[in-house]
>>> print(open('run39.txt').read())   # compact mmCIF, C-alpha atoms
# COMPACT_ATOMS: atom_id res chain seq x y z
CA MET A 249 -49.77 -0.24 23.27
CA PRO A 250 -48.85 -1.25 19.70
CA GLN A 251 -51.22 -0.17 16.94
CA ILE A 252 -52.22 -3.46 15.31
CA SER A 253 -53.28 -3.20 11.68
CA GLY A 254 -53.63 -5.40 8.64
CA LYS A 255 -49.90 -4.92 8.02
CA THR A 256 -48.85 -6.19 11.45
CA VAL A 257 -46.70 -9.33 11.35
CA LEU A 258 -48.05 -12.13 13.56
CA LEU A 259 -45.90 -14.46 15.68
CA PRO A 260 -48.19 -16.71 17.74
CA ILE A 261 -46.99 -19.09 20.44
CA ILE A 262 -48.85 -22.35 20.98
CA GLY A 263 -48.89 -24.71 23.95
CA ARG A 264 -50.97 -26.35 26.69
CA PRO A 265 -51.10 -24.99 29.35
CA ILE A 266 -50.11 -21.55 28.11
CA GLU A 267 -50.56 -19.11 30.98
CA GLN A 268 -46.99 -19.53 32.24
CA VAL A 269 -45.14 -18.63 29.02
CA LYS A 270 -43.06 -15.43 28.91
CA ALA A 271 -42.27 -15.25 25.18
CA PRO A 272 -45.14 -12.84 24.35
CA GLN A 273 -43.84 -10.33 26.88
CA PHE A 274 -40.24 -10.64 25.62
CA PHE A 275 -41.15 -10.31 21.97
CA ASN A 276 -43.71 -7.54 22.34
CA ASP A 277 -41.23 -5.47 24.39
CA PHE A 278 -38.61 -6.12 21.70
CA PHE A 279 -40.99 -5.11 18.91
CA ALA A 280 -42.02 -1.93 20.74
CA LYS A 281 -38.42 -0.86 21.44
CA GLY A 282 -37.34 -1.57 17.87
CA GLY A 283 -40.35 0.05 16.22
CA ILE A 284 -41.17 -3.28 14.55
CA ASP A 285 -44.76 -3.71 13.39
CA ALA A 286 -45.26 -7.20 14.82
CA VAL A 287 -47.10 -8.81 17.72
CA THR A 288 -46.92 -12.07 19.68
CA THR A 289 -49.86 -13.65 21.46
CA ALA A 290 -50.48 -17.05 23.02
CA PHE A 291 -52.87 -19.83 21.96
CA GLU A 292 -53.77 -22.78 24.18
CA LEU A 293 -54.50 -25.61 21.78
CA SER A 294 -55.53 -29.25 21.94
CA ASP A 295 -53.58 -31.72 19.83
CA ASP A 296 -56.19 -31.55 17.08
CA GLY A 297 -56.29 -27.77 17.40
CA ALA A 298 -52.51 -27.56 17.02
CA ASN A 299 -52.63 -29.68 13.87
CA ALA A 300 -55.28 -27.38 12.40
CA PHE A 301 -53.28 -24.31 13.48
CA ILE A 302 -50.16 -25.57 11.69
CA ARG A 303 -52.13 -26.10 8.50
CA MET A 304 -53.55 -22.60 8.86
CA ILE A 305 -50.20 -20.89 9.52
CA ARG A 306 -48.87 -22.13 6.17
CA GLU A 307 -51.56 -20.02 4.48
CA CYS A 308 -51.17 -16.95 6.73
CA ALA A 309 -49.16 -14.54 4.60
CA ASN A 310 -48.69 -12.00 7.41
CA ALA A 311 -47.29 -14.53 9.90
CA ALA A 312 -43.55 -14.84 10.54
CA GLY A 313 -44.24 -18.37 11.74
CA TYR A 314 -44.86 -19.46 15.31
CA ILE A 315 -43.26 -20.57 18.57
CA ALA A 316 -44.09 -23.97 20.05
CA THR A 317 -43.99 -24.99 23.68
CA ILE A 318 -45.21 -28.04 25.63
CA PRO A 319 -46.70 -30.31 24.23
CA HIS A 320 -46.44 -29.19 20.60
CA LYS A 321 -42.68 -29.26 19.90
CA GLN A 322 -42.56 -32.79 18.53
CA ARG A 323 -45.63 -32.41 16.29
CA SER A 324 -44.13 -29.17 14.98
CA ALA A 325 -40.92 -30.98 14.00
CA VAL A 326 -42.95 -33.56 12.10
CA ALA A 327 -44.84 -30.79 10.30
CA CYS A 328 -41.75 -28.83 9.22
CA ASP A 329 -40.44 -28.98 5.67
CA VAL A 330 -36.90 -28.13 6.76
CA LEU A 331 -35.20 -28.80 10.12
CA SER A 332 -31.95 -27.58 11.60
CA LYS A 333 -29.41 -30.31 12.37
CA ARG A 334 -30.23 -30.21 16.09
CA GLY A 335 -33.96 -30.06 15.42
CA ALA A 336 -33.68 -33.20 13.29
CA PHE A 337 -31.57 -34.96 15.94
CA LEU A 338 -34.01 -34.12 18.73
CA GLY A 339 -37.22 -34.60 16.77
CA ALA A 340 -38.57 -31.42 18.37
CA VAL A 341 -38.53 -27.71 17.53
CA ASN A 342 -39.61 -24.55 19.30
CA LEU A 343 -39.08 -21.99 16.53
CA ILE A 344 -40.95 -22.46 13.26
CA ARG A 345 -40.42 -19.87 10.53
CA ARG A 346 -42.90 -19.52 7.69
CA GLU A 347 -41.31 -18.90 4.30
CA ALA A 348 -43.07 -16.84 1.65
CA ASP A 349 -44.13 -20.01 -0.16
CA GLY A 350 -45.68 -21.47 3.01
CA ARG A 351 -42.86 -23.89 3.82
CA LEU A 352 -42.03 -24.25 7.52
CA VAL A 353 -38.42 -24.17 8.81
CA GLY A 354 -37.85 -25.39 12.36
CA ASP A 355 -35.08 -25.05 14.93
CA MET A 356 -34.70 -25.94 18.62
CA THR A 357 -33.01 -23.34 20.82
CA ASP A 358 -34.14 -24.30 24.35
CA GLY A 359 -30.86 -26.04 25.08
CA LEU A 360 -28.69 -23.27 23.70
CA GLY A 361 -30.67 -20.72 25.71
CA CYS A 362 -30.16 -22.73 28.89
CA VAL A 363 -26.40 -23.01 28.32
CA ASN A 364 -26.15 -19.30 27.40
CA ALA A 365 -27.87 -18.47 30.69
CA MET A 366 -25.42 -20.71 32.58
CA ARG A 367 -22.50 -18.84 31.05
CA SER A 368 -24.08 -15.53 32.05
CA HIS A 369 -23.87 -16.84 35.63
CA GLY A 370 -20.17 -17.54 35.12
CA VAL A 371 -20.65 -21.31 34.78
CA ASP A 372 -19.06 -22.97 31.73
CA PRO A 373 -20.39 -26.53 31.31
CA LYS A 374 -17.12 -27.80 29.83
CA GLY A 375 -15.66 -30.55 32.00
CA LYS A 376 -18.56 -30.42 34.47
CA THR A 377 -20.83 -33.13 35.86
CA ALA A 378 -24.45 -32.43 34.95
CA MET A 379 -27.90 -33.94 35.37
CA VAL A 380 -31.14 -33.31 33.50
CA VAL A 381 -34.53 -34.17 35.00
CA GLY A 382 -37.16 -34.79 32.32
CA VAL A 383 -36.10 -35.56 28.75
CA GLY A 384 -39.06 -34.35 26.71
CA GLY A 385 -38.66 -31.58 24.13
CA ALA A 386 -36.88 -29.05 26.37
CA GLY A 387 -34.99 -31.65 28.41
CA SER A 388 -33.58 -33.48 25.40
CA ALA A 389 -32.50 -30.11 23.95
CA ILE A 390 -30.76 -29.15 27.19
CA ALA A 391 -29.03 -32.54 27.38
CA HIS A 392 -27.86 -32.14 23.77
CA ALA A 393 -26.58 -28.61 24.40
CA LEU A 394 -24.72 -29.69 27.56
CA ALA A 395 -23.06 -32.54 25.67
CA GLU A 396 -22.20 -30.20 22.82
CA ALA A 397 -20.75 -27.73 25.35
CA GLY A 398 -18.39 -30.44 26.62
CA VAL A 399 -19.70 -31.70 29.96
CA ARG A 400 -17.67 -34.63 31.26
CA HIS A 401 -20.53 -36.62 32.76
CA LEU A 402 -24.26 -36.38 32.12
CA SER A 403 -27.06 -38.14 34.04
CA LEU A 404 -30.57 -38.32 32.59
CA THR A 405 -33.65 -39.01 34.71
CA ASP A 406 -37.23 -39.28 33.57
CA LEU A 407 -40.45 -41.00 34.61
CA ASP A 408 -40.16 -42.84 31.30
CA LEU A 409 -36.87 -44.72 31.69
CA ASP A 410 -37.08 -46.12 28.17
CA ARG A 411 -37.25 -42.61 26.76
CA ALA A 412 -34.25 -41.57 28.87
CA ALA A 413 -32.30 -44.65 27.79
CA ALA A 414 -33.06 -44.02 24.12
CA LEU A 415 -31.82 -40.43 24.39
CA ALA A 416 -28.71 -41.53 26.30
CA LYS A 417 -27.88 -44.02 23.54
CA ARG A 418 -28.26 -41.46 20.77
CA LEU A 419 -26.31 -38.78 22.62
CA GLY A 420 -23.58 -41.29 23.41
CA GLU A 421 -23.21 -42.06 19.72
CA ALA A 422 -23.08 -38.35 18.83
CA PHE A 423 -20.81 -37.34 21.74
CA PRO A 424 -18.65 -40.38 22.59
CA GLN A 425 -16.35 -38.27 24.78
CA VAL A 426 -19.18 -37.66 27.29
CA GLN A 427 -20.07 -40.25 29.93
CA ILE A 428 -23.88 -40.51 29.73
CA VAL A 429 -25.92 -42.59 32.18
CA VAL A 430 -29.59 -43.04 33.04
CA GLY A 431 -30.63 -42.61 36.65
CA SER A 432 -30.03 -40.42 39.68
CA PRO A 433 -26.42 -39.40 40.30
CA ASP A 434 -24.59 -38.87 43.57
CA MET A 435 -25.72 -35.28 44.15
CA ALA A 436 -22.42 -34.40 45.83
CA THR A 437 -20.72 -34.79 42.44
CA VAL A 438 -23.18 -32.61 40.50
CA ASP A 439 -22.03 -29.22 39.21
CA ILE A 440 -25.14 -28.51 37.11
CA ALA A 441 -28.70 -29.73 37.78
CA ALA A 442 -31.42 -28.82 35.28
CA ASN A 443 -35.13 -29.46 35.70
CA ALA A 444 -36.90 -29.75 32.37
CA SER A 445 -40.05 -31.38 33.74
CA PRO A 446 -43.29 -29.49 34.56
CA VAL A 447 -42.96 -30.31 38.28
CA GLY A 448 -43.22 -27.09 40.29
CA MET A 449 -45.42 -25.30 37.75
CA ASN A 450 -48.41 -23.17 38.71
CA GLY A 451 -48.33 -23.77 42.47
CA ASP A 452 -47.19 -27.41 42.46
CA PRO A 453 -45.16 -27.67 45.72
CA ASN A 454 -43.19 -30.76 44.70
CA LEU A 455 -39.53 -31.01 43.70
CA PRO A 456 -38.64 -32.80 40.44
CA HIS A 457 -35.67 -34.46 42.20
CA SER A 458 -34.09 -34.35 45.63
CA LEU A 459 -31.23 -31.87 46.05
CA ASP A 460 -29.94 -33.53 49.20
CA GLY A 461 -26.17 -33.57 49.17
CA ILE A 462 -25.67 -31.03 46.39
CA ARG A 463 -22.74 -28.73 47.09
CA ALA A 464 -23.05 -24.99 47.61
CA GLY A 465 -22.09 -23.16 44.44
CA ALA A 466 -23.56 -25.73 42.07
CA LEU A 467 -25.87 -24.30 39.40
CA VAL A 468 -29.51 -25.40 39.56
CA SER A 469 -31.69 -24.50 36.57
CA ASP A 470 -35.45 -24.72 36.00
CA VAL A 471 -37.39 -24.43 32.75
CA VAL A 472 -40.59 -23.55 34.62
CA THR A 473 -41.49 -19.85 34.30
CA ASN A 474 -44.56 -19.67 36.55
CA PRO A 475 -43.72 -19.19 39.33
CA GLU A 476 -40.31 -17.70 38.60
CA ALA A 477 -38.98 -18.83 42.00
CA THR A 478 -40.06 -22.48 41.84
CA PRO A 479 -39.82 -24.81 44.86
CA TRP A 480 -36.81 -26.42 43.13
CA LEU A 481 -34.99 -23.08 42.89
CA GLN A 482 -35.95 -22.06 46.42
CA ALA A 483 -34.56 -25.34 47.75
CA ALA A 484 -31.38 -24.82 45.72
CA ARG A 485 -30.81 -21.29 47.00
CA GLU A 486 -31.33 -22.45 50.58
CA ARG A 487 -28.41 -24.83 49.96
CA GLY A 488 -26.20 -22.03 48.64
CA CYS A 489 -26.57 -22.97 44.98
CA ILE A 490 -26.82 -20.64 42.00
CA GLY A 491 -30.46 -20.56 40.86
CA GLN A 492 -31.24 -20.10 37.17
CA THR A 493 -34.85 -19.32 36.27
CA GLY A 494 -36.93 -20.33 33.30
CA ARG A 495 -37.15 -16.66 32.39
CA GLU A 496 -33.34 -16.54 32.14
CA MET A 497 -33.41 -19.53 29.80
CA VAL A 498 -35.88 -17.67 27.55
CA ALA A 499 -33.65 -14.59 27.64
CA GLY A 500 -30.64 -16.74 26.77
CA GLN A 501 -32.20 -17.75 23.46
CA PHE A 502 -33.83 -14.46 22.59
CA GLU A 503 -31.29 -13.31 20.01
CA LEU A 504 -31.38 -16.78 18.43
CA MET A 505 -35.16 -16.46 18.19
CA ALA A 506 -35.05 -13.00 16.65
CA THR A 507 -32.43 -14.12 14.11
CA HIS A 508 -34.42 -17.22 13.14
CA PHE A 509 -37.49 -15.13 12.34
CA GLY A 510 -35.50 -12.41 10.59
CA PHE A 511 -36.15 -9.58 13.02
CA PRO A 512 -33.33 -7.01 13.23
CA ILE A 513 -31.18 -6.93 16.36
CA ASP A 514 -29.45 -3.68 17.29
>>> encode(input="run39.txt", output="structure tokens")
Amino acid sequence: MPQISGKTVLLPIIGRPIEQVKAPQFFNDFFAKGGIDAVTTAFELSDDGANAFIRMIRECANAAGYIATIPHKQRSAVACDVLSKRGAFLGAVNLIRREADGRLVGDMTDGLGCVNAMRSHGVDPKGKTAMVVGVGGAGSAIAHALAEAGVRHLSLTDLDLDRAAALAKRLGEAFPQVQIVVGSPDMATVDIAANASPVGMNGDPNLPHSLDGIRAGALVSDVVTNPEATPWLQAARERGCIGQTGREMVAGQFELMATHFGFPID
């Protein structure tokens, strides 16, 4: 167990619900292995609580910043003094670094982590047909990263069709070479299917989208981390697909996270 003292650097993670997040485990293992005097812990916060937390973190001299997850990524982007280009485009951030003067610098790495994990499975998105289910903070980031990685065709589905259409329009303007549509694709054409909705979390038996017709060998990804083997991934593996877990997406962005907060990487 780390010896926490007044010199220990704090890196909280905020969200709601919070029990499923894996970042504290990843970071605390990293800190322990590297002999870094820092600790990550999770806070489940209401919207008002998150706003108060963000005000507090600006004044917390021994905090590196914080990590944001559902539903606090958008409010964190609004609160930041400086945003990365992709954070500004998406209007959401998951990594918020505190500068010495209390300014907050935000970036969004969910999408990059998801694409990095795909490549670790031997799947390069370039030229592929992809779909993203759920276009909130994580889903919009994954859609952006897939377009940036050069997918040929991208379908966006969401309970809020207006939100999906708005994202499709903005991505189409930024990546005119990618065919971007709103709605469910012909699953037989899909090479990559990513769930970025909370469906399947914490014992929910439902699938975020039908996988009927998807070909064996397609990559099916889930952002949900609890359970690790979600119903969506179980259904995909039964069809002979490559299953990519939410934990792998976190691992895919870990070096990006460490770099953003200034922690050394061996």
>>> residues_around(input="run39.txt", residues="region 504-514 of chain A", least_positions_apart="4", cutoff="7 Å", atoms="only C-alpha atoms", output="ChimeraX atom specification")
/A:312,343,345
>>> atom_distance(input="run39.txt", atom1="CA of Ile302 (chain A)", atom2="CA of Tyr314 (chain A)")
8.9 Å
>>> residues_around(input="run39.txt", residues="region 385-397 of chain A", least_positions_apart="3", cutoff="6 Å", atoms="all atoms listed in the file", output="VMD selection string")
chain A and resid 340 358 to 360 374 382 444
>>> atom_distance(input="run39.txt", atom1="CA of Gly494 (chain A)", atom2="CA of Ser332 (chain A)")
23.4 Å
>>> closest_residue(input="run39.txt", among="A:Gly431, A:Gly451, A:Pro446, A:Gly384", to="Pro475 (chain A)", atoms="all atoms listed in the file")
A:Gly451
>>> closest_residue(input="run39.txt", among="A:Val363, A:Met356, A:Val371, A:Phe502", to="Phe337 (chain A)", atoms="all atoms listed in the file")
A:Met356
>>> residues_around(input="run39.txt", residues="Val447 (chain A)", least_positions_apart="5", cutoff="10 Å", atoms="all atoms listed in the file", output="CSV table (one decimal) with C-alpha atoms, keeping the file's coordinate frame")
chain,number,residue,atom,x,y,z
A,381,VAL,CA,-34.5,-34.2,35.0
A,382,GLY,CA,-37.2,-34.8,32.3
A,452,ASP,CA,-47.2,-27.4,42.5
A,453,PRO,CA,-45.2,-27.7,45.7
A,454,ASN,CA,-43.2,-30.8,44.7
A,455,LEU,CA,-39.5,-31.0,43.7
A,456,PRO,CA,-38.6,-32.8,40.4
A,457,HIS,CA,-35.7,-34.5,42.2
A,470,ASP,CA,-35.4,-24.7,36.0
A,471,VAL,CA,-37.4,-24.4,32.8
A,472,VAL,CA,-40.6,-23.6,34.6
A,478,THR,CA,-40.1,-22.5,41.8
A,479,PRO,CA,-39.8,-24.8,44.9
A,480,TRP,CA,-36.8,-26.4,43.1
>>> residues_around(input="run39.txt", residues="region 292-300 of chain A", least_positions_apart="6", cutoff="10 Å", atoms="all atoms listed in the file", output="ChimeraX atom specification")
/A:261-267,316,319-320,323-324,327
>>> residues_around(input="run39.txt", residues="Leu402 (chain A)", least_positions_apart="6", cutoff="12 Å", atoms="all atoms listed in the file", output="number ranges by chain")
A: 373-381, 388, 390-396, 412, 415-416, 419-420, 423-434, 437-442
>>> write_last_selection(input="run39.txt", atoms="C-alpha atoms", output="short mmCIF file (atom, residue, chain, number, x, y, z; two decimals), in the coordinates of the input")
data_model
loop_
_atom_site.label_atom_id
_atom_site.label_comp_id
_atom_site.auth_asym_id
_atom_site.auth_seq_id
_atom_site.Cartn_x
_atom_site.Cartn_y
_atom_site.Cartn_z
CA PRO A 373 -20.39 -26.53 31.31
CA LYS A 374 -17.12 -27.80 29.83
CA GLY A 375 -15.66 -30.55 32.00
CA LYS A 376 -18.56 -30.42 34.47
CA THR A 377 -20.83 -33.13 35.86
CA ALA A 378 -24.45 -32.43 34.95
CA MET A 379 -27.90 -33.94 35.37
CA VAL A 380 -31.14 -33.31 33.50
CA VAL A 381 -34.53 -34.17 35.00
CA SER A 388 -33.58 -33.48 25.40
CA ILE A 390 -30.76 -29.15 27.19
CA ALA A 391 -29.03 -32.54 27.38
CA HIS A 392 -27.86 -32.14 23.77
CA ALA A 393 -26.58 -28.61 24.40
CA LEU A 394 -24.72 -29.69 27.56
CA ALA A 395 -23.06 -32.54 25.67
CA GLU A 396 -22.20 -30.20 22.82
CA ALA A 412 -34.25 -41.57 28.87
CA LEU A 415 -31.82 -40.43 24.39
CA ALA A 416 -28.71 -41.53 26.30
CA LEU A 419 -26.31 -38.78 22.62
CA GLY A 420 -23.58 -41.29 23.41
CA PHE A 423 -20.81 -37.34 21.74
CA PRO A 424 -18.65 -40.38 22.59
CA GLN A 425 -16.35 -38.27 24.78
CA VAL A 426 -19.18 -37.66 27.29
CA GLN A 427 -20.07 -40.25 29.93
CA ILE A 428 -23.88 -40.51 29.73
CA VAL A 429 -25.92 -42.59 32.18
CA VAL A 430 -29.59 -43.04 33.04
CA GLY A 431 -30.63 -42.61 36.65
CA SER A 432 -30.03 -40.42 39.68
CA PRO A 433 -26.42 -39.40 40.30
CA ASP A 434 -24.59 -38.87 43.57
CA THR A 437 -20.72 -34.79 42.44
CA VAL A 438 -23.18 -32.61 40.50
CA ASP A 439 -22.03 -29.22 39.21
CA ILE A 440 -25.14 -28.51 37.11
CA ALA A 441 -28.70 -29.73 37.78
CA ALA A 442 -31.42 -28.82 35.28
#
>>> atom_distance(input="run39.txt", atom1="CA of Val287 (chain A)", atom2="CA of Ile252 (chain A)")
7.8 Å
>>> closest_residue(input="run39.txt", among="A:Thr357, A:Ala271, A:Val257, A:Met304", to="Ile284 (chain A)", atoms="all atoms listed in the file")
A:Val257
>>> closest_residue(input="run39.txt", among="A:Gly354, A:Gly465, A:Gly282, A:Gly488", to="His369 (chain A)", atoms="only C-alpha atoms")
A:Gly465
>>> closest_residue(input="run39.txt", among="A:Leu259, A:Ala280, A:Ala413, A:Ala286", to="Arg346 (chain A)", atoms="all atoms listed in the file")
A:Leu259
>>> closest_residue(input="run39.txt", among="A:Val383, A:Ile315, A:Ala290, A:Val498", to="Thr473 (chain A)", atoms="all atoms listed in the file")
A:Val498
>>> residues_near_point(input="run39.txt", point="(-35.7, -17.3, 36.1)", cutoff="7 Å", atoms="all atoms listed in the file", output="list in words")
Thr473, Glu476, Ala477, Gln492, Thr493, Gly494, Arg495 and Glu496 of chain A
